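To start, the structure itself, in structure tokens.
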Amino acid sequence: MSDARLRILSRLKAAPPRPAPALPEWVPPTYGEGRIERFVAMLEANHAEVHHVTASGWPATLDALLAARGLRTLLFAPGTPLGARLAEAWGDDQRLLPYDQPVEALKPTLVHDAEAGITAAKGGIAETGTLILWPSVAEPRLMSLLPPLHIVVVEAATLVDNLAQAVTGWAQGGMPTNALLISGPSKTADIEQTLAYGVHGPKELMVLIVT
Amino acid sequence: MPDHARPQRPDKVYFFGTCLIDLFYPGAGLAGMELLRREGVEVVFPQGQSCCGQPARNSGFFDEARAVALRQVDSFPEDWPIVVPSGSCAGMMRVHYPQLFEGRPEAARVEAFAARVFELSWFLVHVLELKLLDKGPPVTVTWHGACHSVREMGVVDEPKALLRQLANVTLVENPREQECCGFGGTFSVRQPEISAAMVADKVASIEATGATSVVSGDCGCLMNITGAVDKANKPLKGRHLAEFLLERCHGA
Amino acid sequence: MEPDPDFAGRAHVALGDSKLRANFRRAMDGLMAKRKAQFPDPAAWAQLRARGAAVRARSLARLPELLEKLEAKCRANGIQVHWAETPAEGNSIVLDILKRHQARTVIKGKSMVTEEMHLNAHLEANGIEAVETDLGEYIIQLAHQAPSHIVMPCIHMNKGEIATLFEANIPGQPYTEDVDALTAAARRVLRERFAAADAGISGANFLVAETGTVVLIENEGNGRMSTTLPPLHIAVTGIEKVVESLDDVPPLLALLPRSATGQPITTYVNMISSPRREGEKDGPTEVHLVLLDNGRSRVYGDLELADTLRCIRCGACMNHCPVYTRVGGHTYNFVYPGPIGKILTPQIEGLDCAGDQPHASTLCGACAEVCPVKIPLTDILVRLRQEGVRPTSGAVKGGGANRSAVEALVWRGWRAMYASPLLYRLATRALALVGNWLPAGLPMLKEWTSVRVKPRFAAKSLHQLAKEKGIKDE
């Protein structure tokens with residue numbers, strides 16, 4: 001209703017002008033060499049499971065971790081470097097479930113069958129123990145949402161201290177459809193302020209930090 | 001929280017009694033003036049003073065509040081500090097008088113007045129550096145931090161610092177010290193049930209400290225708290241800080 | 001909202017419910033402690049808060065310009081933008097979009113603005129089912145109740161009540177007070193609804209003009225579900241939510257979750273900038289943004305009252321409010337309770353409907369002390385009290401609604417007494433003599449003495465005693 005638009009904007013523009021204050025200095029916390037430690041501590045405090053892995057060894061480490069859980073299906077993105085690496089390392093492992101079609105074709109599998117989903121992370125934020133996900137054509141959004149276990153592989157070198165540092169360059173570089181900041185498994189305290197996990201999003205978050 | 005510039009130790013001060021003290025607790029006013037006088041400061045009490053005007057402002061009657069405010073401003077003409085035995089009234093004059101007169105012809109005069117207003121305990125601690133010698137018997141007390149005293153005048157620890165100087169006084173901290181007692185001026189009669197619930201909780205929190213007396217720098221709060229205590233026939237006593245301090249110095 | 005200035009009446013009901021009071025007291029104590037733990041350093045708090053307040057003030061100073069920029073950027077990204085002056089218009093817009101898609105079921109992420117609009121009721125009246133998916137909202141939807149807190153909607157309910165609700169409403173669900181079991185049941189039920197829904201409706205915490213981005217924060221994941229699974233996503237929010245750039249988001253995100261629930265950050269922060277792009281495999285193919293005014297542009301017109309619009313909906317004010325703690329959210333009879341409710345509701349709904357709300361406060365200032373964006377809550381409360389009796393022309397809807405000839409007379413008399421030293425002296429002498437004989441049943445005295453003894457007038461006023469003691473007058 002462009003009529004409403006015009007009237008709302010006219011009223012706003014007719015209002016008395018007011019100063020736009022300068023932004024006072026704000027220095028968010030930094031961690032220097034303690035960055036990884038802070039990142040891990042915050043994630044673990046939020047109920048995430050954290051493992052330190054190597055670039056060469058992580059597919060095998062993951063294999064062992066998931067075998068110990070008896071995991072049967074792992075949703076992955078074959079079109080990403082991470083996904084390609086995993087497929088190469090695991091071969092024709094029956095657990096691997098590629099997210100290679102639109103959701104409309106895969107819905108029942110995504111909603112009910114996939115027990116875990118594995119994604120990369122664009123980076124991480126130490127202050128709050130946060131992973132930055134940048135979903136794309138190759139790595140769809142639902143991977144980190146539908147399966148009850150979300151596994152993220154993040155390079156330690158991509159960690160920054162705080163969100164203010166993280167957002168630098170995002171506007172210029174273009175935002176994805178849905179940038180995501182994830183800081184733990186899904187949770188709620190709505191019932192008598194008692195914490196419970198896995199309300200709608202993943203019940204578990206497993207983070208593999210590559211150093 | 002305002003960060004008052006500390007005035008130099010003055011020879012003379014004004015005393016603004018507040019209307020509640022005037023009508024119901026004159027002893028607290030006399031005690032306040034005596035505490036200042038003992039420190040070698042000459043105290044002047046202009047008879048023309050009446051009320052800071054807060055009730056009218058808080059009810060939305062700004063013109064009436066302004067008329068009464070100007071009466072106060074005109075009653076304290078000299079450039080001496082104005083000491084007030086109430087954080088609530090002090091806050092009204094220091095913080096809200098300039099707001100009430102913003103953009104008006106009296107603005108400069110009112111701002112000059114407002115800048116001279118100080119809450120009693122703050123003044124005793126920071127300007128007069130009051131030292132107290134306790135001559136009274138052992139007693140356990142707790143402090144009630146009146147809302148405007150804390151949040152408008154920035155008075156948090158000063159009264160307790162004074163109480164801590166008293167050797168025979170055990171000051172017990174109340175975790176709910178800064179929770180509103182429910183007075184709020186006309187709130188106590190506009191929303192009497194909520195006010196009653198708040199004062200009941202305040203009394204319970206004071207009783208939980210084990211103190212036999214509650215001390216406060218604000219008579220509105222005291223009237224509210226002791227009023228409820230007395231109605232329920234409870235033994236808890238309430239004292240204004242000035243009266244309590246003076247009593248202790250004299251051995252009561 | 002029907003004219004119903006009866007805060008005291010509703011408070012009476014709430015105060016009589018000792019279980020409710022205990023629930024709220026415990027919950028608010030917990031939230032206050034959690035928030036305090038997140039801001040241990042006063043200097044850091046002051047710095048962050050100053051930044052947050054300035055970000056919001058700046059956004060508001062440029063509101064029309066930023067809204068136009070936001071709209072242009074959203075449109076360029078493929079998000080369709082709509083403007084609604086009133087809740088009715090907003091409901092109409094949403095219904096039209098849903099009808100075009102032949103939507104029968106809608107899943108909803110938590111949105112106070114859609115509650116302000118009574119959107120769910122409008123959709124249901126038009127044959128569309130709206131399912132709340134935030135656990136707290138889902139629970140109160142089952143209970144046919146309104147939320148009692150803007151962040152924790154069912155904070156007034158305990159486990160037993162919720163267990164009973166679930167047993168009655170979820171087929172096959174046994175009675176259990178085990179929180180994990182209850183959560184799992186909700187997850188199971190709602191997962192099916194997510195998968196089958198034709199559309200998702202969400203709110204928005206911030207709108208970034210620079211990039212045309214909708215920022216949505218949450219802990220559960222239902223916001224993500226609602227905005228990713230269905231083929232259609234409609235975001236509905238107020239016009240005041242826009243900020244200039246992505247750089248504005250970090251200080252606000254540093255303030256909001258800490259102030260609200262004592263968390264450094266919410267589990268999920270979603271930044272949505274477009275519908276599903278070419279080649280992408282999931283996400284809605286159509287995204288709409290509905291901007292609601294509902295009186296906000298009028299609030300904006302008054303420089304003092306406009307600070308109301310800085311609010312980032314953290315709920316810290318109500319968590320610290322001694323009145324809210326005792327009466328709970330339903331007493332406020334509108335979407336926004338607590339101190340923010342007391343200043344926003346009268347401005348949106350009118351002082352004729354909610355003129356008693358600004359008076360339901362002792363002006364203790366606990367709210368203003370914790371507001372992360374420095375809204376001068378107590379000053380605005382007093383300003384609205386003024387608008388109720390001495391309105392500034394056109395500033396507030398329903399201005400002058402509290403006008404009373406009796407009250408005006410009282411304050412005129414008060415002024416006469418207190419502005420004249422002579423009258424004051426006479427009046428105080430008279431009160432000293434007869435004040436203590438005043439019957440306890442008089443108006444105002446009656447309310448006071450219901451729980452307190454009558455205040456005792458001193459035999460001699462301080463003025464008299466000072467004179468007698470020879471204390472100098474000048």
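Just remember, in the structure tokens the first chain shown is A, the second B, etc., residues are 1-based per chain, and ligands are 1-based in the order shown.
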Original post:
Taking only C-alpha atoms into account, what are the residues of chain C at most 8 Å from chain B, put as number ranges by chain?
Top reply: C: 8, 11-12, 15, 322-323, 326-327, 359-366, 369, 382-390, 411-412, 415, 418-421, 424, 428, 432, 444-445, 447-448, 451-458, 460-463, 465-466, 471-474
Preceding selection exported with C-alpha atoms as a JSON list (two decimals), in the first residue's frame:
[["chain", "number", "residue", "atom", "x", "y", "z"],
["C", 8, "ALA", "CA", -5.57, -1.43, 40.07],
["C", 11, "ALA", "CA", -3.45, -5.85, 40.02],
["C", 12, "HIS", "CA", -5.85, -6.85, 42.78],
["C", 15, "LEU", "CA", -1.73, -9.81, 43.99],
["C", 322, "PRO", "CA", 9.21, -3.95, 41.60],
["C", 323, "VAL", "CA", 5.67, -3.36, 40.33],
["C", 326, "ARG", "CA", 4.42, -8.24, 42.04],
["C", 327, "VAL", "CA", 1.65, -8.16, 39.49],
["C", 359, "HIS", "CA", 0.84, 6.14, 37.25],
["C", 360, "ALA", "CA", 1.43, 2.51, 38.13],
["C", 361, "SER", "CA", 5.00, 3.30, 39.10],
["C", 362, "THR", "CA", 6.87, 4.66, 42.10],
["C", 363, "LEU", "CA", 9.41, 6.18, 39.69],
["C", 364, "CYS", "CA", 12.07, 4.19, 41.54],
["C", 365, "GLY", "CA", 14.25, 4.25, 38.43],
["C", 366, "ALA", "CA", 15.44, 0.64, 38.60],
["C", 369, "GLU", "CA", 19.32, 2.16, 35.47],
["C", 382, "VAL", "CA", 6.16, 11.72, 34.25],
["C", 383, "ARG", "CA", 5.74, 13.35, 30.85],
["C", 384, "LEU", "CA", 2.86, 10.98, 30.06],
["C", 385, "ARG", "CA", 1.31, 11.80, 33.42],
["C", 386, "GLN", "CA", 1.45, 15.41, 32.36],
["C", 387, "GLU", "CA", -0.08, 14.59, 28.98],
["C", 388, "GLY", "CA", -2.93, 12.90, 30.79],
["C", 389, "VAL", "CA", -3.92, 16.10, 32.58],
["C", 390, "ARG", "CA", -2.31, 18.99, 30.68],
["C", 411, "TRP", "CA", -3.12, 21.16, 42.89],
["C", 412, "ARG", "CA", -4.19, 24.79, 42.61],
["C", 415, "ARG", "CA", 0.25, 25.63, 44.88],
["C", 418, "TYR", "CA", 3.25, 26.11, 49.13],
["C", 419, "ALA", "CA", 4.10, 29.14, 47.06],
["C", 420, "SER", "CA", 3.14, 31.60, 49.78],
["C", 421, "PRO", "CA", 5.20, 31.57, 52.99],
["C", 424, "TYR", "CA", 2.18, 27.81, 54.34],
["C", 428, "THR", "CA", 1.05, 23.98, 58.82],
["C", 432, "ALA", "CA", -0.24, 20.60, 63.69],
["C", 444, "MET", "CA", -6.29, 9.00, 50.38],
["C", 445, "LEU", "CA", -5.97, 8.56, 54.13],
["C", 447, "GLU", "CA", -5.88, 3.89, 51.25],
["C", 448, "TRP", "CA", -2.84, 4.75, 53.35],
["C", 451, "VAL", "CA", -1.87, -1.14, 55.82],
["C", 452, "ARG", "CA", -0.19, 1.63, 57.77],
["C", 453, "VAL", "CA", -0.88, 3.73, 60.82],
["C", 454, "LYS", "CA", -1.87, 7.35, 60.26],
["C", 455, "PRO", "CA", 1.17, 9.61, 59.98],
["C", 456, "ARG", "CA", 1.50, 11.75, 63.14],
["C", 457, "PHE", "CA", 1.71, 15.48, 62.69],
["C", 458, "ALA", "CA", 4.35, 16.94, 64.97],
["C", 460, "LYS", "CA", 5.55, 22.02, 66.22],
["C", 461, "SER", "CA", 6.86, 22.18, 62.66],
["C", 462, "LEU", "CA", 10.53, 22.42, 61.83],
["C", 463, "HIS", "CA", 9.92, 26.03, 60.79],
["C", 465, "LEU", "CA", 11.34, 24.89, 66.08],
["C", 466, "ALA", "CA", 14.08, 26.48, 63.98],
["C", 471, "ILE", "CA", 18.50, 29.45, 63.85],
["C", 472, "LYS", "CA", 19.24, 32.19, 61.37],
["C", 473, "ASP", "CA", 16.74, 32.86, 58.64],
["C", 474, "GLU", "CA", 19.14, 34.40, 56.11]]
Would you mind listing, for every residue of chain C within 6 Å of chain A, the two atoms forming the shortest contact and the distance between them in Å to one decimal, using only C-alpha atoms, sorted by chain and ascending residue number, as CSV?
residue,atom,partner,partner_atom,distance
C:Gln47,CA,A:Trp26,CA,5.9
C:Arg51,CA,A:Pro24,CA,5.6
C:Ala54,CA,A:Leu23,CA,5.8
C:Arg58,CA,A:Ala20,CA,4.5
C:Ala61,CA,A:Ala20,CA,5.3
C:Pro64,CA,A:Leu9,CA,5.9
C:Trp83,CA,A:Arg5,CA,5.3
C:Ala84,CA,A:Ala4,CA,5.9
C:Glu85,CA,A:Ala4,CA,5.7
C:Gly136,CA,A:Asp190,CA,5.3
C:Asn158,CA,A:Glu192,CA,5.7
C:Asp180,CA,A:Ala196,CA,5.8
C:Thr183,CA,A:Val199,CA,5.9
C:Arg187,CA,A:Val199,CA,5.4
C:Asn219,CA,A:Lys187,CA,5.5
C:Glu220,CA,A:Ser186,CA,4.8
C:Gly221,CA,A:Gly201,CA,4.5
C:Asn222,CA,A:His200,CA,5.7
C:Pro250,CA,A:Ala164,CA,5.4
C:Thr267,CA,A:Ser183,CA,4.7
C:Tyr268,CA,A:Ile182,CA,4.9
C:Val269,CA,A:Leu181,CA,4.9
C:Asn270,CA,A:Leu180,CA,5.0
C:Met271,CA,A:Ala179,CA,5.0
C:Ile272,CA,A:Asn178,CA,4.4
C:Ser273,CA,A:Thr177,CA,5.1
C:Ser274,CA,A:Thr177,CA,4.9
C:Gly279,CA,A:Val137,CA,5.6
C:Glu280,CA,A:Val137,CA,4.2
C:Lys281,CA,A:Pro102,CA,4.0
C:Asp282,CA,A:Val103,CA,5.4
C:Ser297,CA,A:Leu12,CA,5.7
C:Gly301,CA,A:Ala15,CA,4.6
**OP:** From the DSSP assignment of the backbone, select every residue of segment 12-242 of chain C that is helix (DSSP H, G or I), and format the answer as an MDAnalysis selection string.
**Re:** chainID C and resid 12:15 18:38 42:61 63:77 87:100 112:116 119:125 135:142 159:169 179:196 222:228 239:241
**OP:** Find the residues near Ile118 of chain A: any atom within 8 Å, counting only C-alpha atoms, skip ones fewer than 4 places away on the same chain, and give them as a ChimeraX atom specification.
**Re:** /A:74-77,143-144,150-153
Original post:
Could you work out how far atom CA of Gly52 of chain C lies from atom CA of Ala254 of chain C, giving the answer in Å with one decimal?
Top reply: 8.9 Å
Original post:
segment 27-173 of chain C: which residues are strand (DSSP E or B) by DSSP, as a list of chain:residue names?
Top reply: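 Restricting segment 27-173 of chain C to strand (DSSP E or B) produces C:Ile79, C:Gln80, C:Val81, C:His82, C:Trp83, C:Ala84, C:Thr105, C:Val106, C:Ile107, C:Lys108, C:Glu129, C:Ala130, C:Val131, C:Glu132.
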Original post:
By how many Å are atom CA of Leu124 of chain B and atom CA of Val13 of chain B apart?
Top reply: 11.9 Å
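Distance-wise, atom CA of Val236 of chain C and atom CA of Asp96 of chain C end up 14.0 Å apart.
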Original post:
Between B:Gly145, B:Pro10, B:Gly103, B:Gly136, which one has atoms that come closest to Gly220 of chain B, using only C-alpha atoms?
Top reply: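 Answer, going by the shortest atom-to-atom distance: B:Gly145.
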Original post:
So which residues touch Ala195 of chain C within 7 Å, counting only C-alpha atoms, skipping near sequence neighbours fewer than 3 positions away, as a list of chain:residue names?
Top reply: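 Once the adjacent positions are removed, what remains is C:Arg191, C:Glu192, C:Leu229.
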Subject >> Spatial neighbours of Glu161 of chain C, max dist 12 Å, only C-alpha atoms, sep filter under 3 positions, as number ranges by chain >> reply: A: 191-192; C: 19-20, 139-140, 142-143, 154-158, 164-168, 175-177, 182
